[in-house]
$ cat upload_2.cif   # mmCIF, C-alpha atoms
data_model
loop_
_atom_site.group_PDB
_atom_site.id
_atom_site.type_symbol
_atom_site.label_atom_id
_atom_site.label_comp_id
_atom_site.auth_asym_id
_atom_site.auth_seq_id
_atom_site.Cartn_x
_atom_site.Cartn_y
_atom_site.Cartn_z
ATOM 1 C CA MET A 24 -14.875 -18.745 -4.327
ATOM 2 C CA ASN A 25 -14.383 -20.405 -0.951
ATOM 3 C CA ASP A 26 -13.662 -17.937 1.831
ATOM 4 C CA TYR A 27 -12.706 -20.673 4.346
ATOM 5 C CA GLY A 28 -15.273 -19.256 6.783
ATOM 6 C CA LEU A 29 -13.211 -16.103 7.380
ATOM 7 C CA SER A 30 -16.381 -14.097 7.840
ATOM 8 C CA ILE A 31 -17.160 -16.316 10.852
ATOM 9 C CA TRP A 32 -13.781 -16.617 12.606
ATOM 10 C CA GLY A 33 -11.385 -14.223 10.872
ATOM 11 C CA ASN A 34 -12.386 -11.018 12.688
ATOM 12 C CA SER A 35 -10.801 -9.019 9.801
ATOM 13 C CA ASN A 36 -7.404 -10.492 10.712
ATOM 14 C CA PHE A 37 -7.159 -12.559 7.530
ATOM 15 C CA THR A 38 -7.878 -11.946 3.860
ATOM 16 C CA ILE A 39 -8.062 -14.035 0.694
ATOM 17 C CA ASP A 40 -5.618 -13.073 -2.057
ATOM 18 C CA GLY A 41 -5.382 -15.218 -5.165
ATOM 19 C CA GLY A 42 -7.168 -18.055 -3.365
ATOM 20 C CA LYS A 43 -4.669 -18.032 -0.480
ATOM 21 C CA VAL A 44 -5.392 -17.119 3.141
ATOM 22 C CA CYS A 45 -3.216 -14.133 4.038
ATOM 23 C CA ILE A 46 -2.472 -12.346 7.290
ATOM 24 C CA ASN A 47 -4.046 -8.886 7.288
ATOM 25 C CA SER A 48 -0.891 -6.863 7.948
ATOM 26 C CA ASP A 49 1.243 -4.394 6.024
ATOM 27 C CA PHE A 50 2.781 -6.978 3.692
ATOM 28 C CA ARG A 51 -0.035 -9.626 3.784
ATOM 29 C CA PRO A 52 1.944 -12.896 3.764
ATOM 30 C CA ALA A 53 0.080 -16.015 2.630
ATOM 31 C CA LEU A 54 -0.104 -18.732 5.292
ATOM 32 C CA VAL A 55 0.651 -21.493 2.792
ATOM 33 C CA ASP A 56 3.750 -19.634 1.555
ATOM 34 C CA MET A 57 4.974 -19.201 5.133
ATOM 35 C CA ILE A 58 4.511 -22.919 5.841
ATOM 36 C CA ASN A 59 6.232 -23.905 2.587
ATOM 37 C CA GLU A 60 9.227 -21.722 3.487
ATOM 38 C CA ILE A 61 9.395 -23.177 7.001
ATOM 39 C CA ARG A 62 9.257 -26.725 5.605
ATOM 40 C CA ALA A 63 11.925 -25.891 3.012
ATOM 41 C CA ASP A 64 14.165 -24.997 5.963
ATOM 42 C CA GLY A 65 13.680 -28.553 7.244
ATOM 43 C CA VAL A 66 11.175 -27.831 10.018
ATOM 44 C CA ARG A 67 8.387 -30.382 10.392
ATOM 45 C CA GLY A 68 5.101 -30.122 12.289
ATOM 46 C CA PRO A 69 3.540 -29.419 14.554
ATOM 47 C CA ILE A 70 4.197 -25.746 13.973
ATOM 48 C CA LEU A 71 2.824 -22.889 16.059
ATOM 49 C CA LEU A 72 2.679 -19.530 14.317
ATOM 50 C CA ARG A 73 2.328 -16.407 16.436
ATOM 51 C CA PHE A 74 1.439 -13.020 15.041
ATOM 52 C CA PRO A 75 2.379 -10.287 17.546
ATOM 53 C CA HIS A 76 0.178 -7.632 15.925
ATOM 54 C CA LEU A 77 -2.867 -9.910 16.222
ATOM 55 C CA ILE A 78 -2.033 -10.759 19.830
ATOM 56 C CA LYS A 79 -1.699 -7.042 20.635
ATOM 57 C CA LYS A 80 -5.016 -6.314 18.904
ATOM 58 C CA GLN A 81 -6.789 -8.961 21.003
ATOM 59 C CA ILE A 82 -5.196 -7.749 24.253
ATOM 60 C CA VAL A 83 -6.323 -4.182 23.532
ATOM 61 C CA GLU A 84 -9.850 -5.401 22.747
ATOM 62 C CA ILE A 85 -10.067 -7.518 25.906
ATOM 63 C CA TYR A 86 -8.634 -4.717 28.056
ATOM 64 C CA SER A 87 -11.071 -2.167 26.623
ATOM 65 C CA ASN A 88 -14.008 -4.367 27.650
ATOM 66 C CA PHE A 89 -13.048 -3.921 31.310
ATOM 67 C CA ASN A 90 -12.928 -0.109 31.202
#
$ encode --input "upload_2.cif" --output "structure tokens"
Amino acid sequence: MNDYGLSIWGNSNFTIDGGKVCINSDFRPALVDMINEIRADGVRGPILLRFPHLIKKQIVEIYSNFN
């Protein structure tokens, strides 16, 4: 199965579930399902998705490197 290179760039923030890339959070939404829902609402690209828990995780990691 193709892992989309998650082992290289995913940093444990993403998982594969049923062949779909999912956000590694409590409810694990699939990226493709999120995009399909956004498009069904009439939104067209480009689309920027932000994941606050991932941003917080990165800020904590960066901050800890300076202590």
$ closest_residue --input "upload_2.cif" --among "A:Asn36, A:Met57, A:Gly41, A:Phe50" --to "A:Gln81" --atoms "all atoms listed in the file"
A:Asn36
$ closest_residue --input "upload_2.cif" --among "A:Ile85, A:Pro52, A:Leu71, A:Leu77" --to "A:Ser35" --atoms "all atoms listed in the file"
A:Leu77
$ axis_aligned_box --input "upload_2.cif" --around "stretch 55-62 of chain A" --padding-each-side "6 Å" --output "lines of an AutoDock Vina configuration file"
center_x = 5.0
center_y = -23.0
center_z = 4.3
size_x = 20.7
size_y = 19.5
size_z = 17.4
$ resolve_selection --input "upload_2.cif" --expression "the PyMOL selection byres ((chain A and resi 58) around 12)" --output "MDAnalysis selection string"
chainID A and resid 44:45 52:57 59:72
$ write_last_selection --input "upload_2.cif" --atoms "C-alpha atoms" --output "PDB file, keeping the file's coordinate frame"
ATOM      1  CA  VAL A  44      -5.392 -17.119   3.141  1.00  0.00           C
ATOM      2  CA  CYS A  45      -3.216 -14.133   4.038  1.00  0.00           C
ATOM      3  CA  PRO A  52       1.944 -12.896   3.764  1.00  0.00           C
ATOM      4  CA  ALA A  53       0.080 -16.015   2.630  1.00  0.00           C
ATOM      5  CA  LEU A  54      -0.104 -18.732   5.292  1.00  0.00           C
ATOM      6  CA  VAL A  55       0.651 -21.493   2.792  1.00  0.00           C
ATOM      7  CA  ASP A  56       3.750 -19.634   1.555  1.00  0.00           C
ATOM      8  CA  MET A  57       4.974 -19.201   5.133  1.00  0.00           C
ATOM      9  CA  ASN A  59       6.232 -23.905   2.587  1.00  0.00           C
ATOM     10  CA  GLU A  60       9.227 -21.722   3.487  1.00  0.00           C
ATOM     11  CA  ILE A  61       9.395 -23.177   7.001  1.00  0.00           C
ATOM     12  CA  ARG A  62       9.257 -26.725   5.605  1.00  0.00           C
ATOM     13  CA  ALA A  63      11.925 -25.891   3.012  1.00  0.00           C
ATOM     14  CA  ASP A  64      14.165 -24.997   5.963  1.00  0.00           C
ATOM     15  CA  GLY A  65      13.680 -28.553   7.244  1.00  0.00           C
ATOM     16  CA  VAL A  66      11.175 -27.831  10.018  1.00  0.00           C
ATOM     17  CA  ARG A  67       8.387 -30.382  10.392  1.00  0.00           C
ATOM     18  CA  GLY A  68       5.101 -30.122  12.289  1.00  0.00           C
ATOM     19  CA  PRO A  69       3.540 -29.419  14.554  1.00  0.00           C
ATOM     20  CA  ILE A  70       4.197 -25.746  13.973  1.00  0.00           C
ATOM     21  CA  LEU A  71       2.824 -22.889  16.059  1.00  0.00           C
ATOM     22  CA  LEU A  72       2.679 -19.530  14.317  1.00  0.00           C
TER      23      LEU A  72
END
$ atom_distance --input "upload_2.cif" --atom1 "atom CA of A:Tyr27" --atom2 "atom CA of A:Ile39"
8.9 Å
$ atom_distance --input "upload_2.cif" --atom1 "atom CA of A:Phe37" --atom2 "atom CA of A:Asn25"
13.6 Å
$ closest_residue --input "upload_2.cif" --among "A:Asp40, A:Ser48, A:Gly28, A:Asn34" --to "A:Glu84" --atoms "all atoms listed in the file"
A:Asn34
$ atom_distance --input "upload_2.cif" --atom1 "atom CA of A:Ser87" --atom2 "atom CA of A:Arg51"
26.4 Å
$ decode --input "upload_2.cif" --residues "stretch 48-67 of chain A" --atoms "N, CA and C atoms" --output "PDB file, in the first residue's frame"
ATOM      1  N   SER A  48      -5.670  13.107  14.914  1.00  0.00           N
ATOM      2  CA  SER A  48      -6.310  13.810  16.027  1.00  0.00           C
ATOM      3  C   SER A  48      -7.346  12.882  16.633  1.00  0.00           C
ATOM      4  N   ASP A  49      -8.139  13.386  17.543  1.00  0.00           N
ATOM      5  CA  ASP A  49      -9.109  12.538  18.240  1.00  0.00           C
ATOM      6  C   ASP A  49     -10.086  11.847  17.297  1.00  0.00           C
ATOM      7  N   PHE A  50     -10.571  12.554  16.280  1.00  0.00           N
ATOM      8  CA  PHE A  50     -11.582  11.958  15.406  1.00  0.00           C
ATOM      9  C   PHE A  50     -11.048  11.600  14.024  1.00  0.00           C
ATOM     10  N   ARG A  51      -9.784  11.838  13.724  1.00  0.00           N
ATOM     11  CA  ARG A  51      -9.071  11.410  12.517  1.00  0.00           C
ATOM     12  C   ARG A  51      -9.829  11.653  11.205  1.00  0.00           C
ATOM     13  N   PRO A  52     -10.118  12.902  10.873  1.00  0.00           N
ATOM     14  CA  PRO A  52     -10.812  13.169   9.604  1.00  0.00           C
ATOM     15  C   PRO A  52      -9.897  12.886   8.412  1.00  0.00           C
ATOM     16  N   ALA A  53     -10.480  12.392   7.333  1.00  0.00           N
ATOM     17  CA  ALA A  53      -9.728  12.152   6.099  1.00  0.00           C
ATOM     18  C   ALA A  53      -9.644  13.459   5.316  1.00  0.00           C
ATOM     19  N   LEU A  54      -8.455  13.783   4.822  1.00  0.00           N
ATOM     20  CA  LEU A  54      -8.278  15.023   4.060  1.00  0.00           C
ATOM     21  C   LEU A  54      -9.203  15.074   2.853  1.00  0.00           C
ATOM     22  N   VAL A  55      -9.309  13.976   2.121  1.00  0.00           N
ATOM     23  CA  VAL A  55     -10.146  13.982   0.919  1.00  0.00           C
ATOM     24  C   VAL A  55     -11.611  14.216   1.274  1.00  0.00           C
ATOM     25  N   ASP A  56     -12.071  13.678   2.398  1.00  0.00           N
ATOM     26  CA  ASP A  56     -13.457  13.900   2.821  1.00  0.00           C
ATOM     27  C   ASP A  56     -13.686  15.362   3.200  1.00  0.00           C
ATOM     28  N   MET A  57     -12.690  15.966   3.852  1.00  0.00           N
ATOM     29  CA  MET A  57     -12.799  17.382   4.208  1.00  0.00           C
ATOM     30  C   MET A  57     -12.893  18.243   2.950  1.00  0.00           C
ATOM     31  N   ILE A  58     -12.042  17.966   1.971  1.00  0.00           N
ATOM     32  CA  ILE A  58     -12.049  18.733   0.722  1.00  0.00           C
ATOM     33  C   ILE A  58     -13.360  18.530  -0.026  1.00  0.00           C
ATOM     34  N   ASN A  59     -13.855  17.302  -0.076  1.00  0.00           N
ATOM     35  CA  ASN A  59     -15.130  17.043  -0.757  1.00  0.00           C
ATOM     36  C   ASN A  59     -16.274  17.808  -0.102  1.00  0.00           C
ATOM     37  N   GLU A  60     -16.271  17.886   1.222  1.00  0.00           N
ATOM     38  CA  GLU A  60     -17.317  18.634   1.933  1.00  0.00           C
ATOM     39  C   GLU A  60     -17.204  20.132   1.654  1.00  0.00           C
ATOM     40  N   ILE A  61     -15.983  20.642   1.649  1.00  0.00           N
ATOM     41  CA  ILE A  61     -15.763  22.061   1.351  1.00  0.00           C
ATOM     42  C   ILE A  61     -16.230  22.377  -0.064  1.00  0.00           C
ATOM     43  N   ARG A  62     -15.896  21.523  -1.016  1.00  0.00           N
ATOM     44  CA  ARG A  62     -16.316  21.740  -2.411  1.00  0.00           C
ATOM     45  C   ARG A  62     -17.824  21.620  -2.568  1.00  0.00           C
ATOM     46  N   ALA A  63     -18.449  20.719  -1.809  1.00  0.00           N
ATOM     47  CA  ALA A  63     -19.906  20.578  -1.862  1.00  0.00           C
ATOM     48  C   ALA A  63     -20.597  21.849  -1.381  1.00  0.00           C
ATOM     49  N   ASP A  64     -19.913  22.603  -0.518  1.00  0.00           N
ATOM     50  CA  ASP A  64     -20.440  23.886  -0.045  1.00  0.00           C
ATOM     51  C   ASP A  64     -20.207  25.004  -1.049  1.00  0.00           C
ATOM     52  N   GLY A  65     -19.589  24.680  -2.192  1.00  0.00           N
ATOM     53  CA  GLY A  65     -19.395  25.666  -3.247  1.00  0.00           C
ATOM     54  C   GLY A  65     -18.054  26.382  -3.225  1.00  0.00           C
ATOM     55  N   VAL A  66     -17.179  26.018  -2.313  1.00  0.00           N
ATOM     56  CA  VAL A  66     -15.861  26.653  -2.231  1.00  0.00           C
ATOM     57  C   VAL A  66     -14.937  26.005  -3.255  1.00  0.00           C
ATOM     58  N   ARG A  67     -14.205  26.829  -3.983  1.00  0.00           N
ATOM     59  CA  ARG A  67     -13.238  26.332  -4.959  1.00  0.00           C
ATOM     60  C   ARG A  67     -11.842  26.746  -4.521  1.00  0.00           C
TER      61      ARG A  67
END
